[in-house]
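Data block for work_22.cif (mmCIF, C-alpha atoms (C1' of nucleotides)):
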data_work
#
loop_
_atom_site.label_atom_id
_atom_site.label_comp_id
_atom_site.auth_asym_id
_atom_site.auth_seq_id
_atom_site.Cartn_x
_atom_site.Cartn_y
_atom_site.Cartn_z
CA MET L 1 -9.33 15.77 53.29
CA ASN L 2 -8.68 13.79 50.14
CA ALA L 3 -8.26 14.93 46.55
CA PHE L 4 -11.95 14.75 45.68
CA GLU L 5 -12.97 16.70 48.75
CA ASN L 6 -10.42 19.31 47.78
CA ILE L 7 -11.90 19.68 44.34
CA LEU L 8 -15.41 20.01 45.70
CA HIS L 9 -14.23 22.62 48.16
CA GLU L 10 -12.39 24.57 45.46
CA LYS L 11 -15.44 24.57 43.24
CA HIS L 12 -17.76 25.59 46.06
CA VAL L 13 -19.76 22.41 46.04
CA ARG L 14 -20.67 20.77 49.30
CA SER L 15 -18.99 17.50 49.99
CA THR L 16 -21.46 14.69 50.51
CA ALA L 17 -21.07 10.93 50.51
CA MET L 18 -23.02 10.61 47.28
CA ARG L 19 -20.96 13.23 45.46
CA LEU L 20 -17.69 11.68 46.51
CA LEU L 21 -18.90 8.31 45.30
CA VAL L 22 -19.90 9.79 41.96
CA MET L 23 -16.50 11.45 41.55
CA ASP L 24 -14.79 8.23 42.45
CA THR L 25 -16.83 6.31 39.89
CA LEU L 26 -16.18 8.86 37.17
CA ALA L 27 -12.47 8.85 37.91
CA LYS L 28 -12.32 5.11 37.36
CA GLN L 29 -13.78 5.29 33.86
CA GLN L 30 -11.72 5.12 30.70
CA THR L 31 -14.53 6.77 28.79
CA ALA L 32 -17.22 9.38 29.21
CA ILE L 33 -20.36 7.77 30.56
CA SER L 34 -24.07 8.40 30.48
CA LEU L 35 -26.45 8.82 33.37
CA HIS L 36 -27.64 5.31 32.65
CA ASP L 37 -24.07 3.97 32.87
CA LEU L 38 -23.52 5.81 36.10
CA GLU L 39 -26.70 4.39 37.55
CA ALA L 40 -25.58 0.89 36.63
CA ALA L 41 -22.36 1.41 38.58
CA PHE L 42 -24.33 1.68 41.79
CA GLU L 43 -26.60 -0.84 43.38
CA HIS L 44 -29.10 1.31 45.17
CA ALA L 45 -28.71 4.85 43.96
CA ASP L 46 -31.56 7.04 42.86
CA ARG L 47 -31.44 8.04 39.22
CA ILE L 48 -32.64 11.56 39.92
CA THR L 49 -30.06 12.19 42.57
CA LEU L 50 -27.35 11.07 40.18
CA TYR L 51 -28.85 13.28 37.49
CA ARG L 52 -28.79 16.31 39.73
CA THR L 53 -25.31 15.51 40.93
CA LEU L 54 -24.07 15.51 37.35
CA LYS L 55 -25.89 18.75 36.62
CA THR L 56 -24.38 20.40 39.66
CA PHE L 57 -20.93 19.12 38.75
CA GLU L 58 -21.35 20.45 35.24
CA GLU L 59 -22.45 23.89 36.39
CA LYS L 60 -19.52 24.16 38.74
CA GLY L 61 -16.95 22.95 36.25
CA ILE L 62 -16.21 19.61 37.84
CA VAL L 63 -17.37 17.55 34.88
CA HIS L 64 -17.98 18.39 31.25
CA SER L 65 -20.73 16.95 29.13
CA ILE L 66 -20.60 15.63 25.59
CA GLU L 67 -23.45 15.36 23.14
CA ASP L 68 -22.20 12.43 21.11
CA GLY L 69 -25.30 11.95 19.04
CA THR L 70 -26.39 8.73 20.72
CA GLY L 71 -29.27 10.50 22.42
CA ALA L 72 -27.73 10.15 25.86
CA THR L 73 -25.45 12.89 27.13
CA LYS L 74 -22.07 11.63 28.32
CA TYR L 75 -20.10 13.03 31.24
CA ALA L 76 -16.45 12.96 32.23
CA LEU L 77 -14.35 14.58 34.94
CA CYS L 78 -12.53 17.72 33.91
CA GLU L 79 -8.76 17.75 33.91
CA PRO L 80 -7.05 19.70 36.67
CA GLY L 81 -6.90 23.37 35.74
CA CYS L 82 -9.70 23.12 33.21
CA GLN L 83 -11.93 26.19 33.08
CA CYS L 84 -14.14 24.68 30.38
CA SER L 85 -13.37 27.63 28.11
CA PRO L 86 -13.00 26.88 24.39
CA GLN L 87 -9.22 26.84 24.72
CA ASP L 88 -9.37 24.19 27.43
CA LEU L 89 -11.68 21.92 25.50
CA HIS L 90 -10.58 18.76 23.83
CA ILE L 91 -11.88 16.55 21.08
CA HIS L 92 -14.19 13.66 21.86
CA PHE L 93 -14.20 10.49 19.84
CA TYR L 94 -17.15 8.18 19.49
CA CYS L 95 -16.27 4.68 18.29
CA ASN L 96 -18.87 3.17 15.99
CA LYS L 97 -17.67 -0.31 16.93
CA CYS L 98 -17.40 -0.37 20.72
CA GLU L 99 -19.91 2.49 21.00
CA LYS L 100 -17.88 4.27 23.63
CA THR L 101 -17.04 7.95 23.84
CA TYR L 102 -13.42 8.84 24.59
CA CYS L 103 -11.94 12.08 25.85
CA LEU L 104 -8.89 12.84 23.73
CA SER L 105 -7.53 15.16 26.37
CA LYS L 106 -4.34 15.86 24.47
CA SER L 107 -6.14 16.82 21.26
CA LYS L 108 -7.33 20.34 21.86
CA ILE L 109 -9.93 21.95 19.67
CA PRO L 110 -8.20 23.66 16.75
CA ASP L 111 -8.90 27.29 15.90
CA LEU L 112 -12.24 27.39 14.16
CA GLY L 113 -11.92 30.62 12.22
CA LEU L 114 -15.49 31.73 12.76
CA PRO L 115 -16.88 34.49 10.55
CA LYS L 116 -16.86 38.02 11.91
CA GLY L 117 -19.49 38.78 14.51
CA TYR L 118 -19.78 35.31 15.98
CA GLN L 119 -18.87 35.18 19.67
CA LEU L 120 -17.62 31.79 20.74
CA GLN L 121 -18.58 30.50 24.19
CA GLU L 122 -18.55 26.72 24.01
CA VAL L 123 -17.58 24.01 21.57
CA ASN L 124 -18.89 20.48 21.24
CA LEU L 125 -16.70 18.51 18.89
CA VAL L 126 -17.32 14.82 18.41
CA ALA L 127 -15.29 12.88 15.88
CA LYS L 128 -16.75 9.51 14.97
CA GLY L 129 -15.15 6.45 13.48
CA VAL L 130 -13.15 3.53 14.84
CA CYS L 131 -10.99 3.90 17.92
CA ASN L 132 -7.45 2.61 18.26
CA ARG L 133 -8.54 -0.36 20.35
CA CYS L 134 -11.06 -1.50 17.74
CA SER L 135 -9.03 -0.80 14.61
CA ASP L 136 -6.54 -3.67 14.93
CA MET U 1 -37.93 18.50 -14.30
CA ASN U 2 -36.91 21.13 -11.78
CA ALA U 3 -33.79 21.38 -9.65
CA PHE U 4 -35.21 19.42 -6.71
CA GLU U 5 -36.40 16.60 -8.92
CA ASN U 6 -32.95 16.46 -10.42
CA ILE U 7 -31.35 16.09 -7.02
CA LEU U 8 -33.74 13.33 -5.99
CA HIS U 9 -33.08 11.53 -9.27
CA GLU U 10 -29.30 11.84 -8.86
CA LYS U 11 -29.48 10.49 -5.34
CA HIS U 12 -31.74 7.61 -6.35
CA VAL U 13 -34.70 8.74 -4.30
CA ARG U 14 -38.14 8.66 -5.81
CA SER U 15 -39.72 11.98 -6.44
CA THR U 16 -42.98 12.44 -4.60
CA ALA U 17 -45.07 15.49 -3.84
CA MET U 18 -44.26 15.25 -0.15
CA ARG U 19 -40.52 15.01 -0.71
CA LEU U 20 -40.47 17.95 -3.07
CA LEU U 21 -42.39 20.00 -0.53
CA VAL U 22 -39.93 19.07 2.19
CA MET U 23 -36.97 20.02 0.00
CA ASP U 24 -38.63 23.28 -0.86
CA THR U 25 -39.27 24.05 2.79
CA LEU U 26 -35.71 23.19 3.79
CA ALA U 27 -34.33 25.35 0.97
CA LYS U 28 -36.20 28.36 2.28
CA GLN U 29 -34.67 28.17 5.75
CA GLN U 30 -31.82 30.35 6.91
CA THR U 31 -31.04 27.82 9.63
CA ALA U 32 -31.04 24.10 10.25
CA ILE U 33 -34.43 23.03 11.56
CA SER U 34 -35.83 20.27 13.70
CA LEU U 35 -38.52 17.78 12.86
CA HIS U 36 -40.82 19.83 15.04
CA ASP U 37 -40.02 22.99 13.08
CA LEU U 38 -40.59 21.18 9.81
CA GLU U 39 -43.93 19.92 11.02
CA ALA U 40 -44.93 23.46 11.95
CA ALA U 41 -44.21 24.60 8.42
CA PHE U 42 -46.99 22.39 7.11
CA GLU U 43 -50.65 22.50 7.95
CA HIS U 44 -51.69 18.91 7.56
CA ALA U 45 -48.59 16.79 7.28
CA ASP U 46 -48.00 13.64 9.28
CA ARG U 47 -45.10 13.88 11.69
CA ILE U 48 -43.95 10.34 10.98
CA THR U 49 -43.90 10.83 7.25
CA LEU U 50 -41.77 13.92 7.71
CA TYR U 51 -39.52 11.98 10.07
CA ARG U 52 -39.01 9.23 7.53
CA THR U 53 -38.51 11.70 4.74
CA LEU U 54 -35.70 13.32 6.68
CA LYS U 55 -34.17 9.93 7.49
CA THR U 56 -34.28 8.91 3.85
CA PHE U 57 -32.77 12.23 2.79
CA GLU U 58 -30.02 11.83 5.34
CA GLU U 59 -29.18 8.29 4.24
CA LYS U 60 -29.00 9.35 0.63
CA GLY U 61 -26.91 12.44 1.26
CA ILE U 62 -29.57 15.02 0.49
CA VAL U 63 -29.58 16.53 3.95
CA HIS U 64 -27.14 16.40 6.85
CA SER U 65 -28.10 16.30 10.48
CA ILE U 66 -26.67 18.22 13.41
CA GLU U 67 -26.76 17.27 17.06
CA ASP U 68 -26.68 20.71 18.56
CA GLY U 69 -27.24 19.67 22.13
CA THR U 70 -30.79 20.95 22.37
CA GLY U 71 -32.13 17.41 22.34
CA ALA U 72 -33.74 17.79 18.94
CA THR U 73 -31.71 16.86 15.87
CA LYS U 74 -31.52 19.61 13.28
CA TYR U 75 -31.48 19.08 9.52
CA ALA U 76 -30.31 21.18 6.59
CA LEU U 77 -29.93 20.62 2.87
CA CYS U 78 -26.47 19.65 1.72
CA GLU U 79 -24.56 21.96 -0.55
CA PRO U 80 -24.20 20.91 -4.18
CA GLY U 81 -21.29 18.49 -4.52
CA CYS U 82 -21.32 17.54 -0.84
CA GLN U 83 -20.42 13.92 -0.16
CA CYS U 84 -20.81 14.31 3.60
CA SER U 85 -17.22 13.16 4.10
CA PRO U 86 -15.22 14.86 6.85
CA GLN U 87 -13.57 17.14 4.28
CA ASP U 88 -16.93 18.36 3.04
CA LEU U 89 -18.28 19.09 6.48
CA HIS U 90 -18.66 22.55 7.88
CA ILE U 91 -19.02 24.07 11.29
CA HIS U 92 -22.42 24.59 12.85
CA PHE U 93 -23.14 27.43 15.18
CA TYR U 94 -25.80 27.41 17.84
CA CYS U 95 -26.79 30.84 19.12
CA ASN U 96 -27.61 30.90 22.81
CA LYS U 97 -29.74 34.01 22.29
CA CYS U 98 -31.95 33.31 19.30
CA GLU U 99 -31.62 29.55 19.84
CA LYS U 100 -31.11 28.84 16.17
CA THR U 101 -28.56 26.59 14.54
CA TYR U 102 -26.66 27.98 11.57
CA CYS U 103 -24.69 26.18 8.89
CA LEU U 104 -21.42 28.03 8.44
CA SER U 105 -20.92 26.50 5.03
CA LYS U 106 -17.75 28.43 4.35
CA SER U 107 -16.10 27.40 7.60
CA LYS U 108 -14.89 23.88 6.97
CA ILE U 109 -13.84 21.59 9.78
CA PRO U 110 -10.14 22.13 10.49
CA ASP U 111 -7.73 19.23 10.63
CA LEU U 112 -8.23 17.51 13.98
CA GLY U 113 -4.87 15.81 14.42
CA LEU U 114 -6.28 12.65 15.93
CA PRO U 115 -3.92 10.30 17.76
CA LYS U 116 -2.54 7.35 15.83
CA GLY U 117 -4.94 4.49 15.30
CA TYR U 118 -8.13 6.52 15.25
CA GLN U 119 -10.00 6.23 11.96
CA LEU U 120 -12.15 9.25 11.23
CA GLN U 121 -15.51 8.73 9.54
CA GLU U 122 -17.74 11.60 10.58
CA VAL U 123 -17.47 14.83 12.51
CA ASN U 124 -20.11 16.73 14.44
CA LEU U 125 -18.83 20.15 15.38
CA VAL U 126 -21.14 22.63 17.05
CA ALA U 127 -19.78 25.95 18.21
CA LYS U 128 -22.01 27.80 20.64
CA GLY U 129 -22.21 31.42 21.57
CA VAL U 130 -23.87 34.50 20.10
CA CYS U 131 -24.44 34.80 16.37
CA ASN U 132 -23.68 37.89 14.32
CA ARG U 133 -27.35 38.89 14.18
CA CYS U 134 -27.70 38.83 17.96
CA SER U 135 -24.35 40.35 18.90
CA ASP U 136 -25.08 43.94 17.88
"C1'" DG S 1 -55.22 -4.61 -15.47
"C1'" DT S 2 -52.71 -7.11 -12.16
"C1'" DT S 3 -48.85 -7.75 -9.26
"C1'" DG S 4 -45.46 -5.97 -6.36
"C1'" DC S 5 -42.75 -2.52 -4.24
"C1'" DT S 6 -42.52 1.91 -2.00
"C1'" DA S 7 -44.46 5.73 0.40
"C1'" DT S 8 -47.74 7.39 3.55
"C1'" DG S 9 -50.63 7.67 7.70
"C1'" DC S 10 -52.18 6.28 12.23
"C1'" DA S 11 -51.28 4.06 16.56
"C1'" DA S 12 -48.33 2.62 19.98
"C1'" DT S 13 -43.98 2.33 22.42
"C1'" DG S 14 -39.39 3.22 24.43
"C1'" DG S 15 -35.94 6.17 26.22
"C1'" DT S 16 -33.87 10.39 28.02
"C1'" DA S 17 -34.44 14.65 30.29
"C1'" DT S 18 -36.75 17.35 33.63
"C1'" DT S 19 -39.75 19.18 37.34
"C1'" DG S 20 -42.71 19.08 41.81
"C1'" DC S 21 -42.92 17.99 46.29
"C1'" DA S 22 -42.08 15.73 50.67
"C1'" DT S 23 -38.37 14.25 53.60
"C1'" DT S 24 -33.85 14.00 55.30
"C1'" DT S 25 -29.40 15.93 56.05
"C1'" DT S 26 -26.30 19.61 56.67
"C1'" DT S 27 -25.19 24.30 57.80
"C1'" DT S 28 -26.08 28.55 60.05
"C1'" DT S 29 -27.58 31.35 63.73
"C1'" DA S 30 -29.41 32.53 68.08
"C1'" DT O 1 -26.72 23.17 72.13
"C1'" DA O 2 -31.15 23.87 70.12
"C1'" DA O 3 -33.79 26.00 66.68
"C1'" DA O 4 -34.11 27.81 62.10
"C1'" DA O 5 -32.70 27.94 57.45
"C1'" DA O 6 -30.76 26.04 53.45
"C1'" DA O 7 -29.45 22.44 50.66
"C1'" DA O 8 -29.46 17.57 49.18
"C1'" DT O 9 -31.92 13.42 48.51
"C1'" DG O 10 -35.65 10.25 47.13
"C1'" DC O 11 -40.02 9.17 45.02
"C1'" DA O 12 -43.58 10.26 41.73
"C1'" DA O 13 -45.05 12.20 37.71
"C1'" DT O 14 -44.47 14.38 33.33
"C1'" DA O 15 -42.82 16.10 28.84
"C1'" DC O 16 -40.51 15.51 24.77
"C1'" DC O 17 -38.01 13.30 21.07
"C1'" DA O 18 -37.06 9.16 18.50
"C1'" DT O 19 -38.55 4.96 16.62
"C1'" DT O 20 -41.19 0.84 15.17
"C1'" DG O 21 -45.47 -2.01 13.67
"C1'" DC O 22 -49.02 -2.42 10.80
"C1'" DA O 23 -52.63 -1.17 7.55
"C1'" DT O 24 -53.56 1.49 3.48
"C1'" DA O 25 -52.71 4.19 -0.61
"C1'" DG O 26 -49.96 5.29 -4.60
"C1'" DC O 27 -46.78 4.40 -8.17
"C1'" DA O 28 -44.14 1.22 -11.35
"C1'" DA O 29 -43.26 -2.74 -13.97
"C1'" DC O 30 -44.90 -6.52 -16.38
#
How would this structure read if it were set down as structure tokens?
Amino acid sequence: MNAFENILHEKHVRSTAMRLLVMDTLAKQQTAISLHDLEAAFEHADRITLYRTLKTFEEKGIVHSIEDGTGATKYALCEPGCQCSPQDLHIHFYCNKCEKTYCLSKSKIPDLGLPKGYQLQEVNLVAKGVCNRCSD
Amino acid sequence: MNAFENILHEKHVRSTAMRLLVMDTLAKQQTAISLHDLEAAFEHADRITLYRTLKTFEEKGIVHSIEDGTGATKYALCEPGCQCSPQDLHIHFYCNKCEKTYCLSKSKIPDLGLPKGYQLQEVNLVAKGVCNRCSD
DNA sequence: GTTGCTATGCAATGGTATTGCATTTTTTTA
DNA sequence: TAAAAAAATGCAATACCATTGCATAGCAAC
């Protein structure tokens, strides 16, 4: 049983060939990718199956999604130990030059100081600008 | 010349009946609204004209847009003096119960502490949970 | 008043997200 | 092990939001 199978088992998601392939593909990315990107990484995979795989992964806390404002939701594998609670979440950075969305895993979301009465459940924070690779 | 006409003039946008109506409608909202919502506020307005009005307003810094993850971009009037730079920006809050998006104008975006080499230009921060009206 | 630019309105299109249903695969149970 | 149940997959179809092209109307400058 390899690492991916372990994760699926831990998260109570059945291990299938397709799901392992998707995890493997996501793990190889340097950036968060869209459904379209994921589809392009396979030769003969059905878009809908990939879509539902991502949705299942998201529900079960295997990937997190990012609304980066491009119109296409991006997905990336969660870090080990991530519960997807606001404290676990990190900043995402969308580069206006290379048009990629990066997980800044080490930059956690700062305390937001919400007004009284607001109950925080999730945070989607996307910083936009020029990434370190493009700013030379 | 009323307040809205002044703003349009300052921002170098021509004052038209349609644009003044849109500003008026936006000013009356307690929340950021979508193009669809805006359309519903008028009886006989063309969707595309409203779309382009919002786009023009956004370009000229009259409104700001929020990607709240619902799939439909939300718009709200900028505060007086807003330059839409990261320092001016505030947190948005999407309520999972009433499904509305609020501008928390007094809650500015905290310092993000981006890694070296990342140049910040814009920030889209949407906190999600239950708003103070729905949490009683 | 005429010319030219801008705004408006209608039509059409493209892209992403999502659901329904039939079929296959996997798991459970007898 | 075979049958039954549950879940995953694949194809088709759809809904919704965003966006562009083009023709017309309105305003502004000369």
Got a sec: who's within 12 Å of L:Leu38, counting all atoms listed in the file, leaving out chain neighbours fewer than 4 positions off, as a PyMOL selection string?
chain L and resi 21-29+31-34+42-51+53-54+72-76
Skipping near chain neighbours, those fewer than 5 positions away, what residues fall within 10 Å of stretch 3-19 of chain S using only C-alpha atoms (C1' of nucleotides), listed as a ChimeraX atom specification?
/L:35-36,48,51,71-73 /U:14,16,18,45-50,52-53,71 /O:13-30
Cα-based least-squares overlay of chain L on chain U, as a compact mmCIF listing (two decimals) with C-alpha atoms, keeping the file's coordinate frame:
# COMPACT_ATOMS: atom_id res chain seq x y z
CA MET L 1 -37.91 18.39 -14.29
CA ASN L 2 -36.88 21.04 -11.80
CA ALA L 3 -33.77 21.33 -9.64
CA PHE L 4 -35.19 19.38 -6.71
CA GLU L 5 -36.37 16.55 -8.91
CA ASN L 6 -32.90 16.42 -10.39
CA ILE L 7 -31.31 16.07 -7.00
CA LEU L 8 -33.69 13.31 -5.99
CA HIS L 9 -33.00 11.50 -9.23
CA GLU L 10 -29.23 11.85 -8.81
CA LYS L 11 -29.39 10.49 -5.30
CA HIS L 12 -31.64 7.61 -6.28
CA VAL L 13 -34.58 8.74 -4.23
CA ARG L 14 -38.04 8.60 -5.71
CA SER L 15 -39.64 11.91 -6.40
CA THR L 16 -42.91 12.34 -4.57
CA ALA L 17 -45.03 15.39 -3.84
CA MET L 18 -44.22 15.20 -0.14
CA ARG L 19 -40.47 14.97 -0.70
CA LEU L 20 -40.44 17.90 -3.07
CA LEU L 21 -42.38 19.95 -0.55
CA VAL L 22 -39.92 19.05 2.18
CA MET L 23 -36.96 20.02 0.01
CA ASP L 24 -38.64 23.26 -0.87
CA THR L 25 -39.27 24.05 2.78
CA LEU L 26 -35.72 23.22 3.78
CA ALA L 27 -34.33 25.35 0.98
CA LYS L 28 -36.22 28.36 2.27
CA GLN L 29 -34.69 28.17 5.74
CA GLN L 30 -31.84 30.35 6.92
CA THR L 31 -31.06 27.84 9.63
CA ALA L 32 -31.05 24.12 10.27
CA ILE L 33 -34.43 23.04 11.57
CA SER L 34 -35.84 20.29 13.71
CA LEU L 35 -38.53 17.79 12.87
CA HIS L 36 -40.84 19.84 15.04
CA ASP L 37 -40.02 23.01 13.06
CA LEU L 38 -40.59 21.19 9.82
CA GLU L 39 -43.94 19.92 11.02
CA ALA L 40 -44.97 23.45 11.93
CA ALA L 41 -44.24 24.58 8.38
CA PHE L 42 -47.01 22.38 7.09
CA GLU L 43 -50.67 22.46 7.92
CA HIS L 44 -51.68 18.87 7.53
CA ALA L 45 -48.57 16.77 7.29
CA ASP L 46 -47.97 13.63 9.27
CA ARG L 47 -45.07 13.85 11.68
CA ILE L 48 -43.93 10.31 10.97
CA THR L 49 -43.88 10.80 7.25
CA LEU L 50 -41.76 13.90 7.70
CA TYR L 51 -39.50 11.98 10.07
CA ARG L 52 -38.98 9.21 7.56
CA THR L 53 -38.47 11.68 4.76
CA LEU L 54 -35.66 13.32 6.70
CA LYS L 55 -34.13 9.95 7.52
CA THR L 56 -34.22 8.92 3.89
CA PHE L 57 -32.73 12.24 2.81
CA GLU L 58 -29.98 11.84 5.37
CA GLU L 59 -29.11 8.32 4.28
CA LYS L 60 -28.93 9.36 0.67
CA GLY L 61 -26.87 12.47 1.30
CA ILE L 62 -29.53 15.03 0.52
CA VAL L 63 -29.56 16.56 3.98
CA HIS L 64 -27.13 16.44 6.86
CA SER L 65 -28.09 16.32 10.50
CA ILE L 66 -26.67 18.25 13.43
CA GLU L 67 -26.76 17.28 17.06
CA ASP L 68 -26.70 20.73 18.59
CA GLY L 69 -27.27 19.67 22.15
CA THR L 70 -30.82 20.98 22.38
CA GLY L 71 -32.21 17.46 22.38
CA ALA L 72 -33.76 17.84 18.95
CA THR L 73 -31.71 16.90 15.91
CA LYS L 74 -31.53 19.65 13.29
CA TYR L 75 -31.48 19.12 9.54
CA ALA L 76 -30.31 21.20 6.60
CA LEU L 77 -29.92 20.64 2.87
CA CYS L 78 -26.45 19.68 1.74
CA GLU L 79 -24.56 22.00 -0.55
CA PRO L 80 -24.20 20.93 -4.17
CA GLY L 81 -21.29 18.52 -4.51
CA CYS L 82 -21.30 17.58 -0.84
CA GLN L 83 -20.44 13.94 -0.19
CA CYS L 84 -20.82 14.35 3.57
CA SER L 85 -17.23 13.19 4.05
CA PRO L 86 -15.23 14.88 6.82
CA GLN L 87 -13.58 17.18 4.30
CA ASP L 88 -16.94 18.40 3.03
CA LEU L 89 -18.31 19.13 6.47
CA HIS L 90 -18.68 22.57 7.88
CA ILE L 91 -19.01 24.08 11.30
CA HIS L 92 -22.41 24.61 12.86
CA PHE L 93 -23.13 27.46 15.21
CA TYR L 94 -25.81 27.43 17.85
CA CYS L 95 -26.79 30.88 19.13
CA ASN L 96 -27.61 30.95 22.82
CA LYS L 97 -29.73 34.06 22.29
CA CYS L 98 -31.95 33.34 19.29
CA GLU L 99 -31.61 29.59 19.86
CA LYS L 100 -31.11 28.88 16.19
CA THR L 101 -28.55 26.61 14.57
CA TYR L 102 -26.66 28.01 11.59
CA CYS L 103 -24.70 26.21 8.90
CA LEU L 104 -21.42 28.06 8.46
CA SER L 105 -20.93 26.53 5.05
CA LYS L 106 -17.75 28.45 4.37
CA SER L 107 -16.09 27.40 7.63
CA LYS L 108 -14.89 23.89 6.98
CA ILE L 109 -13.85 21.61 9.79
CA PRO L 110 -10.16 22.13 10.50
CA ASP L 111 -7.75 19.19 10.63
CA LEU L 112 -8.29 17.47 13.93
CA GLY L 113 -4.96 15.74 14.37
CA LEU L 114 -6.38 12.56 15.83
CA PRO L 115 -4.02 10.18 17.63
CA LYS L 116 -2.67 7.23 15.68
CA GLY L 117 -5.11 4.40 15.12
CA TYR L 118 -8.28 6.44 15.08
CA GLN L 119 -10.17 6.21 11.79
CA LEU L 120 -12.28 9.25 11.10
CA GLN L 121 -15.66 8.77 9.42
CA GLU L 122 -17.86 11.65 10.51
CA VAL L 123 -17.56 14.86 12.46
CA ASN L 124 -20.18 16.76 14.41
CA LEU L 125 -18.86 20.16 15.37
CA VAL L 126 -21.15 22.64 17.05
CA ALA L 127 -19.78 25.96 18.23
CA LYS L 128 -22.03 27.79 20.67
CA GLY L 129 -22.20 31.43 21.62
CA VAL L 130 -23.84 34.51 20.13
CA CYS L 131 -24.42 34.83 16.41
CA ASN L 132 -23.65 37.90 14.35
CA ARG L 133 -27.30 38.93 14.20
CA CYS L 134 -27.66 38.85 17.99
CA SER L 135 -24.31 40.35 18.93
CA ASP L 136 -25.03 43.96 17.93
How many Å separate atom C1' of S:DT28 from atom C1' of O:DA5?
7.1 Å
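Taking all atoms listed in the file, the non-local environment of U:His92 within 6 Å (same-chain residues fewer than 4 positions away omitted) comprises Tyr102, Cys103, Leu104 and Val126 of chain U.
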Output for the residues just chosen: C-alpha atoms as a tab-separated table (two decimals), keeping the file's coordinate frame:
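Everything below was put into out.tsv:
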chain	number	residue	atom	x	y	z
U	102	TYR	CA	-26.66	27.98	11.57
U	103	CYS	CA	-24.69	26.18	8.89
U	104	LEU	CA	-21.42	28.03	8.44
U	126	VAL	CA	-21.14	22.63	17.05
By how many Å are atom CA of U:Cys131 and atom CA of L:Gly117 apart?
6.6 Å
Sorted per-residue table, chain U near chain L, closest atoms and distance, 7 Å, all atoms listed in the file, as CSV:
residue,atom,partner,partner_atom,distance
U:Glu67,CA,L:Gly69,CA,5.9
U:Gly69,CA,L:Glu67,CA,5.8
U:Ser107,CA,L:Leu114,CA,6.8
U:Pro110,CA,L:Pro110,CA,6.7
U:Leu112,CA,L:Pro110,CA,6.7
U:Leu114,CA,L:Ser107,CA,6.8
U:Gly117,CA,L:Asn132,CA,4.3
U:Tyr118,CA,L:Cys131,CA,4.7
U:Gln119,CA,L:Val130,CA,5.1
U:Leu120,CA,L:Gly129,CA,4.7
U:Gln121,CA,L:Gly129,CA,4.6
U:Glu122,CA,L:Lys128,CA,5.0
U:Val123,CA,L:Ala127,CA,4.5
U:Asn124,CA,L:Val126,CA,5.2
U:Leu125,CA,L:Leu125,CA,4.4
U:Val126,CA,L:Asn124,CA,5.2
U:Ala127,CA,L:Val123,CA,4.5
U:Lys128,CA,L:Glu122,CA,4.9
U:Gly129,CA,L:Gln121,CA,4.6
U:Val130,CA,L:Gln119,CA,5.1
U:Cys131,CA,L:Tyr118,CA,4.7
U:Asn132,CA,L:Gly117,CA,4.3
U:Ser135,CA,L:Gly117,CA,6.7
Any chance you can output those residues with C-alpha atoms as a compact mmCIF listing (two decimals), in the frame of the given file?
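Generated output (result23.txt):
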# COMPACT_ATOMS: atom_id res chain seq x y z
CA GLU U 67 -26.76 17.27 17.06
CA GLY U 69 -27.24 19.67 22.13
CA SER U 107 -16.10 27.40 7.60
CA PRO U 110 -10.14 22.13 10.49
CA LEU U 112 -8.23 17.51 13.98
CA LEU U 114 -6.28 12.65 15.93
CA GLY U 117 -4.94 4.49 15.30
CA TYR U 118 -8.13 6.52 15.25
CA GLN U 119 -10.00 6.23 11.96
CA LEU U 120 -12.15 9.25 11.23
CA GLN U 121 -15.51 8.73 9.54
CA GLU U 122 -17.74 11.60 10.58
CA VAL U 123 -17.47 14.83 12.51
CA ASN U 124 -20.11 16.73 14.44
CA LEU U 125 -18.83 20.15 15.38
CA VAL U 126 -21.14 22.63 17.05
CA ALA U 127 -19.78 25.95 18.21
CA LYS U 128 -22.01 27.80 20.64
CA GLY U 129 -22.21 31.42 21.57
CA VAL U 130 -23.87 34.50 20.10
CA CYS U 131 -24.44 34.80 16.37
CA ASN U 132 -23.68 37.89 14.32
CA SER U 135 -24.35 40.35 18.90
When the PyMOL selection byres ((chain O and resi 7) around 9) is applied to the structure above, which residues does it catch, written out as a PyMOL selection string?
(chain S and resi 25-27) or (chain O and resi 6+8)
Name all residues at most 10 Å from L:Lys60 (count all atoms listed in the file; drop same-chain ones fewer than 5 positions away) and give them as a count of residues only.
9
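The space between atom CA of L:Gln30 and atom CA of L:His90 spans 15.3 Å.
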Name the residues that the PyMOL selection byres ((chain S and resi 22) around 12) picks from the file above, as number ranges by chain, using the file's chain letters and numbers.
S: 20-21, 23-24; O: 9-12
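In this comparison, which uses only C-alpha atoms (C1' of nucleotides), the residue of U:Gly61, U:Ala17, U:Ala41, U:Gln87 approaching chain O most closely is U:Ala17.
With distances restricted to only C-alpha atoms (C1' of nucleotides), U:Thr56 is the closest residue to chain S from U:Glu39, U:Phe4, U:Asp88, U:Thr56.
Among the candidate residues L:Cys78, L:Ser85, L:Ile7, L:Val63, the one lying nearest to L:Ser105 is L:Cys78, with distances computed using only C-alpha atoms.
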